[in-house]
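*Asks:* Below is the file work_11.cif, with mmCIF, C-alpha atoms.
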data_query
loop_
_atom_site.label_atom_id
_atom_site.label_comp_id
_atom_site.auth_asym_id
_atom_site.auth_seq_id
_atom_site.Cartn_x
_atom_site.Cartn_y
_atom_site.Cartn_z
CA MET P 1 -4.30 -28.53 -8.05
CA ASP P 2 -4.10 -29.79 -4.49
CA TYR P 3 -3.05 -27.31 -1.81
CA GLN P 4 -1.60 -28.44 1.53
CA ASN P 5 -0.29 -25.13 2.88
CA ILE P 6 -2.13 -21.88 2.20
CA MET P 7 -1.10 -18.45 3.45
CA LEU P 8 -3.39 -15.44 3.70
CA SER P 9 -1.87 -11.97 3.85
CA TYR P 10 -4.43 -10.31 6.13
CA THR P 11 -3.96 -6.59 6.52
CA ASN P 12 -7.32 -4.97 7.16
CA PRO P 13 -10.40 -6.67 8.64
CA ASP P 14 -12.74 -4.33 6.77
CA ARG P 15 -11.09 -4.61 3.37
CA ASP P 16 -9.82 -8.22 3.44
CA THR P 17 -13.06 -10.01 4.32
CA GLU P 18 -13.43 -11.60 0.87
CA ALA P 19 -9.83 -12.81 0.90
CA LEU P 20 -10.33 -14.29 4.37
CA HIS P 21 -13.45 -16.19 3.31
CA ALA P 22 -11.76 -17.38 0.11
CA ALA P 23 -8.74 -18.68 2.04
CA LEU P 24 -10.92 -20.40 4.65
CA ASP P 25 -13.02 -22.02 1.91
CA LEU P 26 -9.95 -23.23 0.01
CA ALA P 27 -8.36 -24.62 3.17
CA TYR P 28 -11.60 -26.41 4.05
CA ARG P 29 -12.05 -27.91 0.56
CA HIS P 30 -8.43 -29.02 0.29
CA GLU P 31 -8.09 -30.05 3.95
CA ALA P 32 -5.09 -27.74 4.02
CA GLN P 33 -3.30 -25.88 6.76
CA LEU P 34 -4.07 -22.16 6.66
CA THR P 35 -1.56 -19.64 7.96
CA VAL P 36 -2.79 -16.08 8.43
CA LEU P 37 -0.06 -13.47 8.34
CA GLN P 38 -0.74 -10.00 9.74
CA VAL P 39 2.00 -7.56 8.76
CA ASN P 40 2.19 -4.39 10.79
CA GLY P 41 3.78 -2.18 8.18
CA GLN P 42 3.16 -0.21 5.01
CA CYS P 43 2.90 -1.51 1.48
CA ASP P 44 4.38 0.24 -1.53
CA ASN P 45 1.01 1.68 -2.53
CA ASP P 46 0.49 5.05 -0.84
CA ASN P 47 -3.29 4.63 -1.16
CA CYS P 48 -3.37 1.60 1.14
CA THR P 49 -4.74 2.36 4.55
CA ARG P 50 -3.59 0.19 7.43
CA HIS P 51 -5.49 -1.34 10.28
CA TYR P 52 -3.14 -2.72 12.86
CA LEU P 53 -3.83 -5.82 14.91
CA TYR P 54 -1.16 -5.81 17.54
CA SER P 55 -1.21 -9.37 18.84
CA VAL P 56 -1.80 -12.95 17.82
CA GLU P 57 -4.78 -13.03 20.20
CA GLU P 58 -6.46 -10.12 18.41
CA LEU P 59 -5.75 -11.71 15.04
CA ALA P 60 -7.16 -15.08 16.15
CA GLN P 61 -10.27 -13.37 17.48
CA GLN P 62 -10.89 -11.71 14.09
CA ILE P 63 -10.37 -14.96 12.15
CA ASN P 64 -12.38 -17.17 14.51
CA LYS P 65 -15.47 -15.02 13.89
CA ALA P 66 -15.37 -16.03 10.20
CA ASN P 67 -14.14 -19.62 10.57
CA GLY P 68 -17.42 -21.52 10.35
CA HIS P 69 -15.75 -24.67 9.00
CA GLY P 70 -13.38 -25.05 11.92
CA VAL P 71 -10.36 -24.89 9.62
CA PRO P 72 -7.08 -25.26 11.53
CA VAL P 73 -5.35 -21.89 11.45
CA GLU P 74 -1.84 -20.85 12.40
CA TYR P 75 -1.21 -17.18 13.10
CA LEU P 76 1.84 -15.04 12.42
CA VAL P 77 2.29 -11.37 13.20
CA ALA P 78 5.25 -9.59 11.59
CA ASP P 79 6.34 -6.13 12.65
CA CYS P 80 8.30 -4.67 9.78
CA GLY P 81 8.30 -1.76 7.41
CA ASN P 82 7.09 -3.35 4.18
CA LEU P 83 3.98 -5.51 3.75
CA VAL P 84 5.03 -7.06 0.44
CA GLN P 85 8.56 -7.96 1.51
CA ALA P 86 7.45 -9.41 4.86
CA THR P 87 4.81 -11.51 3.12
CA LEU P 88 7.21 -12.78 0.47
CA ASN P 89 9.77 -13.67 3.15
CA GLN P 90 7.18 -16.00 4.69
CA ALA P 91 5.46 -17.22 1.50
CA ALA P 92 8.18 -19.39 -0.05
CA ASP P 93 7.10 -22.53 1.83
CA PHE P 94 3.42 -22.26 0.88
CA ASP P 95 1.50 -23.72 -2.06
CA LEU P 96 -0.78 -20.70 -2.39
CA LEU P 97 -0.70 -17.07 -1.27
CA VAL P 98 -4.10 -15.37 -0.98
CA VAL P 99 -4.20 -11.56 -0.91
CA ALA P 100 -7.04 -9.07 -1.06
CA ASP P 101 -8.01 -7.80 -4.50
CA SER P 102 -6.80 -4.35 -3.45
CA HIS P 103 -3.28 -5.72 -2.89
CA THR P 104 -2.69 -7.73 -6.07
CA ALA P 105 -1.09 -4.72 -7.75
CA CYS P 106 1.14 -4.17 -4.69
CA PHE P 107 2.55 -7.67 -5.10
CA ALA P 108 2.68 -7.89 -8.91
CA ASP P 109 5.91 -5.96 -9.42
CA HIS P 110 7.81 -7.90 -6.73
CA LEU P 111 7.14 -11.51 -7.68
CA ASP P 112 9.45 -13.84 -9.52
CA PRO P 113 7.73 -16.22 -11.99
CA SER P 114 7.52 -19.16 -9.57
CA MET P 115 5.94 -17.02 -6.85
CA SER P 116 3.52 -15.29 -9.21
CA GLN P 117 1.97 -18.70 -9.94
CA LYS P 118 1.21 -19.05 -6.23
CA LEU P 119 -0.55 -15.68 -5.88
CA THR P 120 -4.32 -15.45 -6.02
CA SER P 121 -7.14 -13.14 -4.93
CA PRO P 122 -10.90 -13.52 -4.45
CA THR P 123 -11.61 -12.13 -7.93
CA GLN P 124 -9.21 -14.60 -9.56
CA LEU P 125 -10.74 -17.48 -7.61
CA GLN P 126 -14.24 -16.41 -8.65
CA GLN P 127 -13.17 -16.31 -12.30
CA LEU P 128 -11.78 -19.85 -12.00
CA LYS P 129 -15.07 -21.08 -10.54
CA LEU P 130 -17.02 -19.51 -13.40
CA ALA P 131 -14.68 -21.00 -16.01
CA VAL P 132 -15.08 -24.56 -14.69
#
Once you've parsed the file, please lay out its structure as C-alpha cells.

*Replies:*
Amino acid sequence: MDYQNIMLSYTNPDRDTEALHAALDLAYRHEAQLTVLQVNGQCDNDNCTRHYLYSVEELAQQINKANGHGVPVEYLVADCGNLVQATLNQAADFDLLVVADSHTACFADHLDPSMSQKLTSPTQLQQLKLAV
C-alpha cells in the first residue's frame, strides 16, 4: 500500500518514541506527508499518564530531535478532553494513523471498520516486516 498522508497521535515523548520513529520511517519510505497531532487531554484508559506539550514549538522541538531523514512534518495541537475523539476527528483525511502500542486498546472500541484499517502501531508494523 502507498501512503501519502500519515498521522501520528503523539501523546508522551517517553512512551511514544517507537511510534514516532515508525511514523517517520514510513513517511520517509513512502515520501508521504507526516502530521503529528499532540492532544492535550485524557484518553478513556485511566492507566494512561499524560505528558503535556503546550505549544507547536515545543512539539516541533521534540520531533526534530528524532527526524534524521528530514521528513516534512506538519504539527497540530488540540486542547480537548478526550484523546481518542480528538484524534479521530482529525484522522478521517489520512491514509494511516500511527499510535503507540500502549494506546491501541484505547482506540479499538471507538473505530468504525474503515478507520480500523487505517490504524497501526509499532508492534503491528514490526510483525508486517517479519511476515514479508

*Asks:* Of the candidates P:Ser102, P:Thr11, P:Gln127, P:Asn89, which shows the shortest atom-to-atom distance to P:Met115, using all atoms listed in the file?

*Replies:*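 Once distances to P:Met115 are computed over all atoms listed in the file, the minimum belongs to P:Asn89.
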
*Asks:* Return the single residue from P:Val36, P:Ala27, P:Leu83, P:Gln124 that is closest to P:His110, with distances computed using only C-alpha atoms.

*Replies:*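 Counting only C-alpha atoms, the residue closest to P:His110 is P:Leu83.
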
*Asks:* Rank P:Gln33, P:Gln90, P:Gln85, P:Thr123 by their smallest atom-to-atom distance to P:Phe107, using all atoms listed in the file, and report the top residue only.

*Replies:*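 Closest to P:Phe107, using all atoms listed in the file: P:Gln85.
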
*Asks:* Assuming the chain letters and numbering stay as they are in my file, what does the PyMOL selection byres ((chain P and resi 3) around 10) actually select? List them as a PyMOL selection string.

*Replies:* chain P and resi 1-2+4-6+26-27+29-34+94-96

*Asks:* Expand the PyMOL selection byres ((chain P and resi 74-80) around 6) into the explicit residue set it covers here, and present it as number ranges by chain.

*Replies:* P: 35-41, 73, 81-82

*Asks:* Rounded to one decimal place, report the atom CA of P:Met7-atom CA of P:Lys118 distance in Å.

*Replies:*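 These two atoms are separated by 10.0 Å.
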
*Asks:* Between atom CA of P:Leu97 and atom CA of P:Val56, what is the spacing in Å?

*Replies:*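 Computing the Euclidean distance for atom CA of P:Val56 and atom CA of P:Leu97 yields 19.6 Å.
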
*Asks:* Please enclose the listed atoms of stretch 67-71 of chain P in an axis-aligned box, pad each side by 5 Å, and write out the centre and the three edge lengths in Å, rounded to one decimal, as lines of an AutoDock Vina configuration file.

*Replies:*
center_x = -13.9
center_y = -22.3
center_z = 10.5
size_x = 17.1
size_y = 15.4
size_z = 12.9

*Asks:* Do a neighbour search on P:Leu119 at 12 Å with only C-alpha atoms, toss out local chain neighbours closer than 5 positions, and write the hits as a ChimeraX atom specification.

*Replies:* /P:6-9,19,23,87-88,91-92,94-101,103-108,110-114,124-125

*Asks:* Can you write out the residues you just picked, keeping C-alpha atoms, as a short mmCIF file (atom, residue, chain, number, x, y, z; two decimals), in the coordinates of the input?

*Replies:*
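result.cif, written as the output of this step:
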data_model
loop_
_atom_site.label_atom_id
_atom_site.label_comp_id
_atom_site.auth_asym_id
_atom_site.auth_seq_id
_atom_site.Cartn_x
_atom_site.Cartn_y
_atom_site.Cartn_z
CA ILE P 6 -2.13 -21.88 2.20
CA MET P 7 -1.10 -18.45 3.45
CA LEU P 8 -3.39 -15.44 3.70
CA SER P 9 -1.87 -11.97 3.85
CA ALA P 19 -9.83 -12.81 0.90
CA ALA P 23 -8.74 -18.68 2.04
CA THR P 87 4.81 -11.51 3.12
CA LEU P 88 7.21 -12.78 0.47
CA ALA P 91 5.46 -17.22 1.50
CA ALA P 92 8.18 -19.39 -0.05
CA PHE P 94 3.42 -22.26 0.88
CA ASP P 95 1.50 -23.72 -2.06
CA LEU P 96 -0.78 -20.70 -2.39
CA LEU P 97 -0.70 -17.07 -1.27
CA VAL P 98 -4.10 -15.37 -0.98
CA VAL P 99 -4.20 -11.56 -0.91
CA ALA P 100 -7.04 -9.07 -1.06
CA ASP P 101 -8.01 -7.80 -4.50
CA HIS P 103 -3.28 -5.72 -2.89
CA THR P 104 -2.69 -7.73 -6.07
CA ALA P 105 -1.09 -4.72 -7.75
CA CYS P 106 1.14 -4.17 -4.69
CA PHE P 107 2.55 -7.67 -5.10
CA ALA P 108 2.68 -7.89 -8.91
CA HIS P 110 7.81 -7.90 -6.73
CA LEU P 111 7.14 -11.51 -7.68
CA ASP P 112 9.45 -13.84 -9.52
CA PRO P 113 7.73 -16.22 -11.99
CA SER P 114 7.52 -19.16 -9.57
CA GLN P 124 -9.21 -14.60 -9.56
CA LEU P 125 -10.74 -17.48 -7.61
#

*Asks:* Mind pulling up the distance from atom CA of P:Pro13 to atom CA of P:Asp109?

*Replies:*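 These two atoms are separated by 24.3 Å.
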
*Asks:* Excluding P:Gly68 and any residue of its chain fewer than 2 positions from it, enumerate the residues within 10 Å of it, using only C-alpha atoms, and give them as a list of chain:residue names.

*Replies:*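 Counting only C-alpha atoms, the residues come to P:His21, P:Leu24, P:Asp25, P:Tyr28, P:Ile63, P:Asn64, P:Lys65, P:Ala66, P:Gly70, P:Val71.
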
*Asks:* Since we have the selection now, will you write its residues out, keeping C-alpha atoms, as a CSV table (one decimal), in the frame of the given file?

*Replies:*
chain,number,residue,atom,x,y,z
P,21,HIS,CA,-13.4,-16.2,3.3
P,24,LEU,CA,-10.9,-20.4,4.6
P,25,ASP,CA,-13.0,-22.0,1.9
P,28,TYR,CA,-11.6,-26.4,4.0
P,63,ILE,CA,-10.4,-15.0,12.2
P,64,ASN,CA,-12.4,-17.2,14.5
P,65,LYS,CA,-15.5,-15.0,13.9
P,66,ALA,CA,-15.4,-16.0,10.2
P,70,GLY,CA,-13.4,-25.0,11.9
P,71,VAL,CA,-10.4,-24.9,9.6
